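Peer 1: Have a look at this one.
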Amino acid sequence: MDKKVDETLGGAMGHFWVDLATYNRADTSWQGHAEQQDDYLAIRTIKRPDEGLPQPGSTPMPDAVYGATEVGGTVAYDIRSVPENSVMGGNKISVRSYLARGFVVGVDPSELASAKVVSITANFYGLVMW
(Lines give C-alpha, C1' and ligand atoms only; values in the text may rest on other atoms or scores of the structure.)
Protein backbone atom coordinates (compact mmCIF):
# COMPACT_ATOMS: atom_id res chain seq x y z
CA MET A 1 0.00 0.00 0.00
CA ASP A 2 1.04 3.61 -0.43
CA LYS A 3 3.14 4.95 2.47
CA LYS A 4 0.82 7.94 3.09
CA VAL A 5 -2.22 5.65 3.17
CA ASP A 6 -0.48 3.34 5.66
CA GLU A 7 0.54 6.26 7.86
CA THR A 8 -2.99 7.71 7.83
CA LEU A 9 -4.62 4.36 8.64
CA GLY A 10 -2.05 3.81 11.40
CA GLY A 11 -2.93 7.15 12.98
CA ALA A 12 -2.39 10.77 11.99
CA MET A 13 -2.91 13.90 14.06
CA GLY A 14 -4.09 17.13 12.52
CA HIS A 15 -6.70 19.85 12.13
CA PHE A 16 -10.06 19.11 10.51
CA TRP A 17 -12.90 21.07 8.89
CA VAL A 18 -16.34 20.11 7.54
CA ASP A 19 -16.62 23.19 5.31
CA LEU A 20 -14.21 23.69 2.41
CA ALA A 21 -14.82 27.47 2.53
CA THR A 22 -13.15 27.63 5.97
CA TYR A 23 -10.45 25.05 5.21
CA ASN A 24 -7.02 25.98 6.60
CA ARG A 25 -8.35 28.67 8.96
CA ALA A 26 -7.01 27.83 12.43
CA ASP A 27 -9.89 29.59 14.23
CA THR A 28 -12.49 27.27 12.66
CA SER A 29 -10.64 23.96 12.86
CA TRP A 30 -11.08 21.05 15.21
CA GLN A 31 -7.95 19.34 16.48
CA GLY A 32 -8.12 15.60 16.07
CA HIS A 33 -6.81 12.23 15.03
CA ALA A 34 -7.51 9.94 12.08
CA GLU A 35 -7.05 6.16 12.04
CA GLN A 36 -8.56 2.96 10.74
CA GLN A 37 -11.42 1.56 12.80
CA ASP A 38 -12.87 -1.65 11.38
CA ASP A 39 -13.85 -0.83 7.78
CA TYR A 40 -13.87 2.94 8.31
CA LEU A 41 -11.48 5.85 8.49
CA ALA A 42 -12.42 7.29 11.87
CA ILE A 43 -11.67 10.96 12.40
CA ARG A 44 -12.08 11.98 16.03
CA THR A 45 -12.07 15.68 16.82
CA ILE A 46 -11.99 17.47 20.15
CA LYS A 47 -15.10 19.60 20.51
CA ARG A 48 -14.52 23.29 21.11
CA PRO A 49 -15.76 24.77 24.40
CA ASP A 50 -18.33 26.94 22.57
CA GLU A 51 -20.15 23.90 21.10
CA GLY A 52 -22.08 22.79 24.20
CA LEU A 53 -24.27 19.69 24.46
CA PRO A 54 -25.67 18.13 21.26
CA GLN A 55 -29.38 18.27 20.58
CA PRO A 56 -30.98 15.30 18.76
CA GLY A 57 -30.60 15.87 15.04
CA SER A 58 -28.46 19.00 15.54
CA THR A 59 -25.27 17.48 14.10
CA PRO A 60 -25.63 17.46 10.31
CA MET A 61 -23.98 14.73 8.24
CA PRO A 62 -21.21 16.52 6.29
CA ASP A 63 -20.47 15.73 2.64
CA ALA A 64 -16.79 15.42 3.53
CA VAL A 65 -14.24 16.14 6.25
CA TYR A 66 -11.12 18.02 5.18
CA GLY A 67 -7.87 17.68 7.08
CA ALA A 68 -4.36 19.05 7.34
CA THR A 69 -2.49 16.21 9.04
CA GLU A 70 1.09 15.26 9.74
CA VAL A 71 0.85 12.97 6.68
CA GLY A 72 -0.51 15.69 4.38
CA GLY A 73 -3.85 16.96 3.15
CA THR A 74 -6.73 14.52 3.66
CA VAL A 75 -10.30 14.36 2.39
CA ALA A 76 -12.66 11.84 3.99
CA TYR A 77 -15.93 11.29 2.15
CA ASP A 78 -18.93 8.95 2.18
CA ILE A 79 -19.49 9.79 5.85
CA ARG A 80 -21.70 7.11 7.38
CA SER A 81 -22.03 8.16 11.01
CA VAL A 82 -21.22 11.05 13.33
CA PRO A 83 -21.29 9.71 16.90
CA GLU A 84 -20.30 12.11 19.65
CA ASN A 85 -20.02 12.36 23.38
CA SER A 86 -20.24 15.50 25.44
CA VAL A 87 -18.78 15.63 28.92
CA MET A 88 -19.53 18.34 31.46
CA GLY A 89 -16.60 18.50 33.88
CA GLY A 90 -14.53 15.56 34.98
CA ASN A 91 -11.35 14.19 33.47
CA LYS A 92 -12.61 13.29 29.98
CA ILE A 93 -12.91 15.45 26.88
CA SER A 94 -15.85 15.83 24.52
CA VAL A 95 -15.27 14.16 21.15
CA ARG A 96 -17.05 14.03 17.81
CA SER A 97 -16.22 11.17 15.43
CA TYR A 98 -16.71 10.98 11.68
CA LEU A 99 -16.77 7.48 10.22
CA ALA A 100 -15.91 7.57 6.52
CA ARG A 101 -15.93 4.79 3.92
CA GLY A 102 -13.55 6.55 1.54
CA PHE A 103 -10.62 8.94 1.79
CA VAL A 104 -7.86 10.60 -0.19
CA VAL A 105 -4.46 11.53 1.26
CA GLY A 106 -1.58 13.64 0.01
CA VAL A 107 -3.75 16.32 -1.62
CA ASP A 108 -4.55 19.91 -0.82
CA PRO A 109 -8.36 19.91 -0.38
CA SER A 110 -8.63 23.48 -1.65
CA GLU A 111 -6.98 22.38 -4.91
CA LEU A 112 -9.74 19.81 -5.49
CA ALA A 113 -12.28 22.63 -5.68
CA SER A 114 -10.27 24.40 -8.38
CA ALA A 115 -11.07 24.71 -12.07
CA LYS A 116 -7.46 23.62 -12.65
CA VAL A 117 -8.35 20.01 -11.82
CA VAL A 118 -9.01 18.21 -15.09
CA SER A 119 -8.51 14.58 -14.06
CA ILE A 120 -8.01 12.37 -11.03
CA THR A 121 -6.34 8.97 -10.91
CA ALA A 122 -7.35 6.54 -8.16
CA ASN A 123 -5.82 3.35 -6.81
CA PHE A 124 -8.12 0.89 -5.06
CA TYR A 125 -5.85 -0.96 -2.65
CA GLY A 126 -6.88 -4.46 -1.69
CA LEU A 127 -9.65 -4.62 -4.29
CA VAL A 128 -9.89 -8.12 -5.70
CA MET A 129 -13.11 -7.92 -7.72
CA TRP A 130 -15.34 -5.13 -8.97
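Ordering of the C-alpha coordinates sets the chain letters (A, B, ...); residue numbers start at 1 within each chain; ligands are numbered from 1 in the order shown.
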Could you list, as a VMD selection string, every residue within 8 Å of stretch 62-64 of chain A, counting only C-alpha atoms and ignoring same-chain residues fewer than 4 positions away?

Peer 2: chain A and resid 18 to 19 75 to 79

Peer 1: Those selected residues, please, written with N, CA and C atoms and delivered as a PDB file, in the first residue's frame.

Peer 2:
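Contents of the output file selection-v4.pdb:
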ATOM      1  N   VAL A  18     -15.241  20.731   8.295  1.00  0.00           N
ATOM      2  CA  VAL A  18     -16.336  20.113   7.539  1.00  0.00           C
ATOM      3  C   VAL A  18     -16.831  21.042   6.432  1.00  0.00           C
ATOM      4  N   ASP A  19     -16.231  22.216   6.315  1.00  0.00           N
ATOM      5  CA  ASP A  19     -16.619  23.195   5.308  1.00  0.00           C
ATOM      6  C   ASP A  19     -15.376  23.609   4.528  1.00  0.00           C
ATOM      7  N   VAL A  75      -8.866  14.159   2.600  1.00  0.00           N
ATOM      8  CA  VAL A  75     -10.295  14.356   2.393  1.00  0.00           C
ATOM      9  C   VAL A  75     -10.967  13.027   2.689  1.00  0.00           C
ATOM     10  N   ALA A  76     -11.873  13.030   3.666  1.00  0.00           N
ATOM     11  CA  ALA A  76     -12.662  11.838   3.993  1.00  0.00           C
ATOM     12  C   ALA A  76     -14.074  12.083   3.468  1.00  0.00           C
ATOM     13  N   TYR A  77     -14.602  11.128   2.729  1.00  0.00           N
ATOM     14  CA  TYR A  77     -15.933  11.286   2.154  1.00  0.00           C
ATOM     15  C   TYR A  77     -16.750  10.027   2.389  1.00  0.00           C
ATOM     16  N   ASP A  78     -17.988  10.038   1.930  1.00  0.00           N
ATOM     17  CA  ASP A  78     -18.933   8.946   2.179  1.00  0.00           C
ATOM     18  C   ASP A  78     -19.048   8.727   3.691  1.00  0.00           C
ATOM     19  N   ILE A  79     -19.337   9.826   4.399  1.00  0.00           N
ATOM     20  CA  ILE A  79     -19.486   9.794   5.854  1.00  0.00           C
ATOM     21  C   ILE A  79     -20.742   8.987   6.186  1.00  0.00           C
TER      22      ILE A  79
END

Peer 1: Give me, as a list in words, all polymer residues having an atom no more than 10 Å from A:Val5, counting only C-alpha atoms and skipping those fewer than 2 positions away in the same chain.

Peer 2: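 The residues satisfying every condition are Met1, Asp2, Lys3, Glu7, Thr8, Leu9, Gly10, Gly11, Val71, Thr74, Phe103, Val104, Val105, Gly106 and Tyr125 of chain A.
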
Peer 1: Would you save the residues of that selection, restricted to all heavy atoms, as a JSON list (two decimals), in the first residue's frame?

Peer 2:
[["chain", "number", "residue", "atom", "x", "y", "z"],
["A", 1, "MET", "N", 0.83, -1.18, 0.00],
["A", 1, "MET", "CA", 0.00, 0.00, 0.00],
["A", 1, "MET", "C", 0.88, 1.25, 0.00],
["A", 1, "MET", "O", 2.02, 1.22, 0.41],
["A", 1, "MET", "CB", -0.89, 0.00, 1.24],
["A", 1, "MET", "CG", -2.35, 0.15, 0.90],
["A", 1, "MET", "SD", -3.40, 0.37, 2.34],
["A", 1, "MET", "CE", -3.76, -1.31, 2.76],
["A", 2, "ASP", "N", 0.34, 2.34, -0.41],
["A", 2, "ASP", "CA", 1.04, 3.61, -0.43],
["A", 2, "ASP", "C", 1.43, 4.01, 0.99],
["A", 2, "ASP", "O", 0.68, 3.82, 1.95],
["A", 2, "ASP", "CB", 0.12, 4.66, -1.05],
["A", 2, "ASP", "CG", 0.80, 5.99, -1.18],
["A", 2, "ASP", "OD1", 1.61, 6.17, -2.10],
["A", 2, "ASP", "OD2", 0.50, 6.86, -0.34],
["A", 3, "LYS", "N", 2.62, 4.59, 1.15],
["A", 3, "LYS", "CA", 3.14, 4.95, 2.47],
["A", 3, "LYS", "C", 2.22, 5.95, 3.18],
["A", 3, "LYS", "O", 1.95, 5.83, 4.37],
["A", 3, "LYS", "CB", 4.54, 5.54, 2.33],
["A", 3, "LYS", "CG", 5.17, 5.91, 3.65],
["A", 3, "LYS", "CD", 6.56, 6.46, 3.46],
["A", 3, "LYS", "CE", 7.12, 6.86, 4.82],
["A", 3, "LYS", "NZ", 8.38, 7.55, 4.70],
["A", 7, "GLU", "N", 0.33, 5.36, 6.73],
["A", 7, "GLU", "CA", 0.54, 6.26, 7.86],
["A", 7, "GLU", "C", -0.78, 6.85, 8.35],
["A", 7, "GLU", "O", -0.98, 7.02, 9.55],
["A", 7, "GLU", "CB", 1.51, 7.37, 7.48],
["A", 7, "GLU", "CG", 2.93, 6.88, 7.31],
["A", 7, "GLU", "CD", 3.88, 7.96, 6.81],
["A", 7, "GLU", "OE1", 3.40, 9.04, 6.39],
["A", 7, "GLU", "OE2", 5.09, 7.71, 6.81],
["A", 8, "THR", "N", -1.68, 7.17, 7.44],
["A", 8, "THR", "CA", -2.99, 7.71, 7.83],
["A", 8, "THR", "C", -3.81, 6.65, 8.55],
["A", 8, "THR", "O", -4.40, 6.92, 9.60],
["A", 8, "THR", "CB", -3.75, 8.23, 6.61],
["A", 8, "THR", "OG1", -2.98, 9.27, 5.99],
["A", 8, "THR", "CG2", -5.11, 8.79, 7.00],
["A", 9, "LEU", "N", -3.85, 5.43, 7.99],
["A", 9, "LEU", "CA", -4.62, 4.36, 8.64],
["A", 9, "LEU", "C", -4.02, 3.97, 9.98],
["A", 9, "LEU", "O", -4.74, 3.54, 10.89],
["A", 9, "LEU", "CB", -4.70, 3.14, 7.72],
["A", 9, "LEU", "CG", -5.52, 3.31, 6.45],
["A", 9, "LEU", "CD1", -5.43, 2.07, 5.58],
["A", 9, "LEU", "CD2", -6.97, 3.64, 6.77],
["A", 10, "GLY", "N", -2.72, 4.13, 10.14],
["A", 10, "GLY", "CA", -2.05, 3.81, 11.40],
["A", 10, "GLY", "C", -2.25, 4.88, 12.46],
["A", 10, "GLY", "O", -2.03, 4.64, 13.64],
["A", 11, "GLY", "N", -2.67, 6.06, 12.05],
["A", 11, "GLY", "CA", -2.93, 7.15, 12.98],
["A", 11, "GLY", "C", -2.20, 8.42, 12.60],
["A", 11, "GLY", "O", -0.99, 8.43, 12.48],
["A", 71, "VAL", "N", 0.58, 13.74, 7.89],
["A", 71, "VAL", "CA", 0.85, 12.97, 6.68],
["A", 71, "VAL", "C", 0.67, 13.83, 5.44],
["A", 71, "VAL", "O", 1.33, 13.64, 4.43],
["A", 71, "VAL", "CB", -0.07, 11.73, 6.61],
["A", 71, "VAL", "CG1", 0.14, 10.96, 5.33],
["A", 71, "VAL", "CG2", 0.16, 10.83, 7.82],
["A", 74, "THR", "N", -5.86, 15.70, 3.64],
["A", 74, "THR", "CA", -6.73, 14.52, 3.66],
["A", 74, "THR", "C", -8.16, 14.95, 3.39],
["A", 74, "THR", "O", -8.60, 15.98, 3.90],
["A", 74, "THR", "CB", -6.67, 13.83, 5.04],
["A", 74, "THR", "OG1", -5.32, 13.45, 5.31],
["A", 74, "THR", "CG2", -7.55, 12.60, 5.09],
["A", 103, "PHE", "N", -11.47, 7.80, 1.47],
["A", 103, "PHE", "CA", -10.62, 8.94, 1.79],
["A", 103, "PHE", "C", -9.52, 9.08, 0.75],
["A", 103, "PHE", "O", -9.19, 8.14, 0.04],
["A", 103, "PHE", "CB", -10.03, 8.81, 3.20],
["A", 103, "PHE", "CG", -9.05, 7.68, 3.37],
["A", 103, "PHE", "CD1", -7.69, 7.91, 3.30],
["A", 103, "PHE", "CD2", -9.50, 6.39, 3.59],
["A", 103, "PHE", "CE1", -6.79, 6.87, 3.45],
["A", 103, "PHE", "CE2", -8.61, 5.35, 3.75],
["A", 103, "PHE", "CZ", -7.25, 5.59, 3.68],
["A", 104, "VAL", "N", -8.97, 10.27, 0.70],
["A", 104, "VAL", "CA", -7.86, 10.60, -0.19],
["A", 104, "VAL", "C", -6.80, 11.27, 0.68],
["A", 104, "VAL", "O", -7.13, 12.11, 1.52],
["A", 104, "VAL", "CB", -8.31, 11.58, -1.30],
["A", 104, "VAL", "CG1", -7.16, 11.95, -2.20],
["A", 104, "VAL", "CG2", -9.47, 11.01, -2.10],
["A", 105, "VAL", "N", -5.54, 10.90, 0.50],
["A", 105, "VAL", "CA", -4.46, 11.53, 1.26],
["A", 105, "VAL", "C", -3.41, 12.09, 0.31],
["A", 105, "VAL", "O", -3.31, 11.68, -0.84],
["A", 105, "VAL", "CB", -3.77, 10.55, 2.25],
["A", 105, "VAL", "CG1", -4.72, 10.12, 3.33],
["A", 105, "VAL", "CG2", -3.19, 9.36, 1.54],
["A", 106, "GLY", "N", -2.66, 13.06, 0.81],
["A", 106, "GLY", "CA", -1.58, 13.64, 0.01],
["A", 106, "GLY", "C", -2.05, 14.68, -0.98],
["A", 106, "GLY", "O", -1.38, 14.95, -1.96],
["A", 125, "TYR", "N", -6.70, 0.01, -3.30],
["A", 125, "TYR", "CA", -5.85, -0.96, -2.65],
["A", 125, "TYR", "C", -6.68, -2.09, -2.05],
["A", 125, "TYR", "O", -7.72, -1.86, -1.44],
["A", 125, "TYR", "CB", -5.02, -0.30, -1.55],
["A", 125, "TYR", "CG", -4.08, 0.74, -2.10],
["A", 125, "TYR", "CD1", -4.35, 2.09, -1.99],
["A", 125, "TYR", "CD2", -2.92, 0.35, -2.73],
["A", 125, "TYR", "CE1", -3.50, 3.04, -2.50],
["A", 125, "TYR", "CE2", -2.05, 1.29, -3.25],
["A", 125, "TYR", "CZ", -2.34, 2.62, -3.14],
["A", 125, "TYR", "OH", -1.49, 3.56, -3.64]]

Peer 1: Considering only C-alpha atoms, state which residue in the set A:Lys4, A:Arg25, A:Arg80, A:His15 is at the smallest distance from A:Ala42.

Peer 2: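 So, comparing all the options, the nearest one is A:Arg80.
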
Peer 1: Step one, run DSSP on the backbone; step two, keep only residues of stretch 20-83 of chain A assigned to strand (DSSP E); then write them as an MDAnalysis selection string.

Peer 2: chainID A and resid 30:37 40:46 64:69 73:81

Peer 1: Can you list, as JSON, numbers by chain, every protein, DNA or RNA residue that comes within 7 Å of A:Trp17 when you count only C-alpha atoms, leaving out same-chain residues fewer than 2 positions away?

Peer 2: {"A": [19, 23, 29, 30, 65, 66, 67]}

Peer 1: For A:Thr69, find every residue with an atom within 7 Å (counting only C-alpha atoms), except residues of its own chain fewer than 5 positions away, and show them as a PDB file with N, CA, C and O atoms, in the first residue's frame.

Peer 2:
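The file below, result-v9.pdb, is the result:
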ATOM      1  N   ALA A  12      -2.960   9.477  12.373  1.00  0.00           N
ATOM      2  CA  ALA A  12      -2.388  10.767  11.995  1.00  0.00           C
ATOM      3  C   ALA A  12      -3.113  11.880  12.739  1.00  0.00           C
ATOM      4  O   ALA A  12      -4.338  11.935  12.743  1.00  0.00           O
ATOM      5  N   MET A  13      -2.334  12.753  13.363  1.00  0.00           N
ATOM      6  CA  MET A  13      -2.905  13.898  14.063  1.00  0.00           C
ATOM      7  C   MET A  13      -3.000  15.081  13.107  1.00  0.00           C
ATOM      8  O   MET A  13      -2.217  15.187  12.169  1.00  0.00           O
ATOM      9  N   GLY A  14      -3.968  15.962  13.371  1.00  0.00           N
ATOM     10  CA  GLY A  14      -4.090  17.127  12.519  1.00  0.00           C
ATOM     11  C   GLY A  14      -5.233  18.036  12.904  1.00  0.00           C
ATOM     12  O   GLY A  14      -5.807  17.931  13.987  1.00  0.00           O
ATOM     13  N   HIS A  15      -5.568  18.933  11.996  1.00  0.00           N
ATOM     14  CA  HIS A  15      -6.698  19.855  12.135  1.00  0.00           C
ATOM     15  C   HIS A  15      -7.713  19.470  11.067  1.00  0.00           C
ATOM     16  O   HIS A  15      -7.344  19.134   9.936  1.00  0.00           O
TER      17      HIS A  15
END

Peer 1: When you count only C-alpha atoms, which of these residues is closest to A:Gly73: A:Val107, A:Leu112, A:Ala26, A:Ala34?

Peer 2: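 Comparing A:Val107, A:Leu112, A:Ala26, A:Ala34 against A:Gly73, the winner is A:Val107.
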
Peer 1: Could you check which of A:Leu20, A:Ala68, A:Thr28, A:Pro60 is closest to A:Ser81, using only C-alpha atoms?

Peer 2: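 For A:Ser81, the nearest of the candidates is A:Pro60.
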
Peer 1: Separation of atom CA of A:Arg48 and atom CA of A:Asp6, in Å?

Peer 2: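 So the answer is 28.9 Å.
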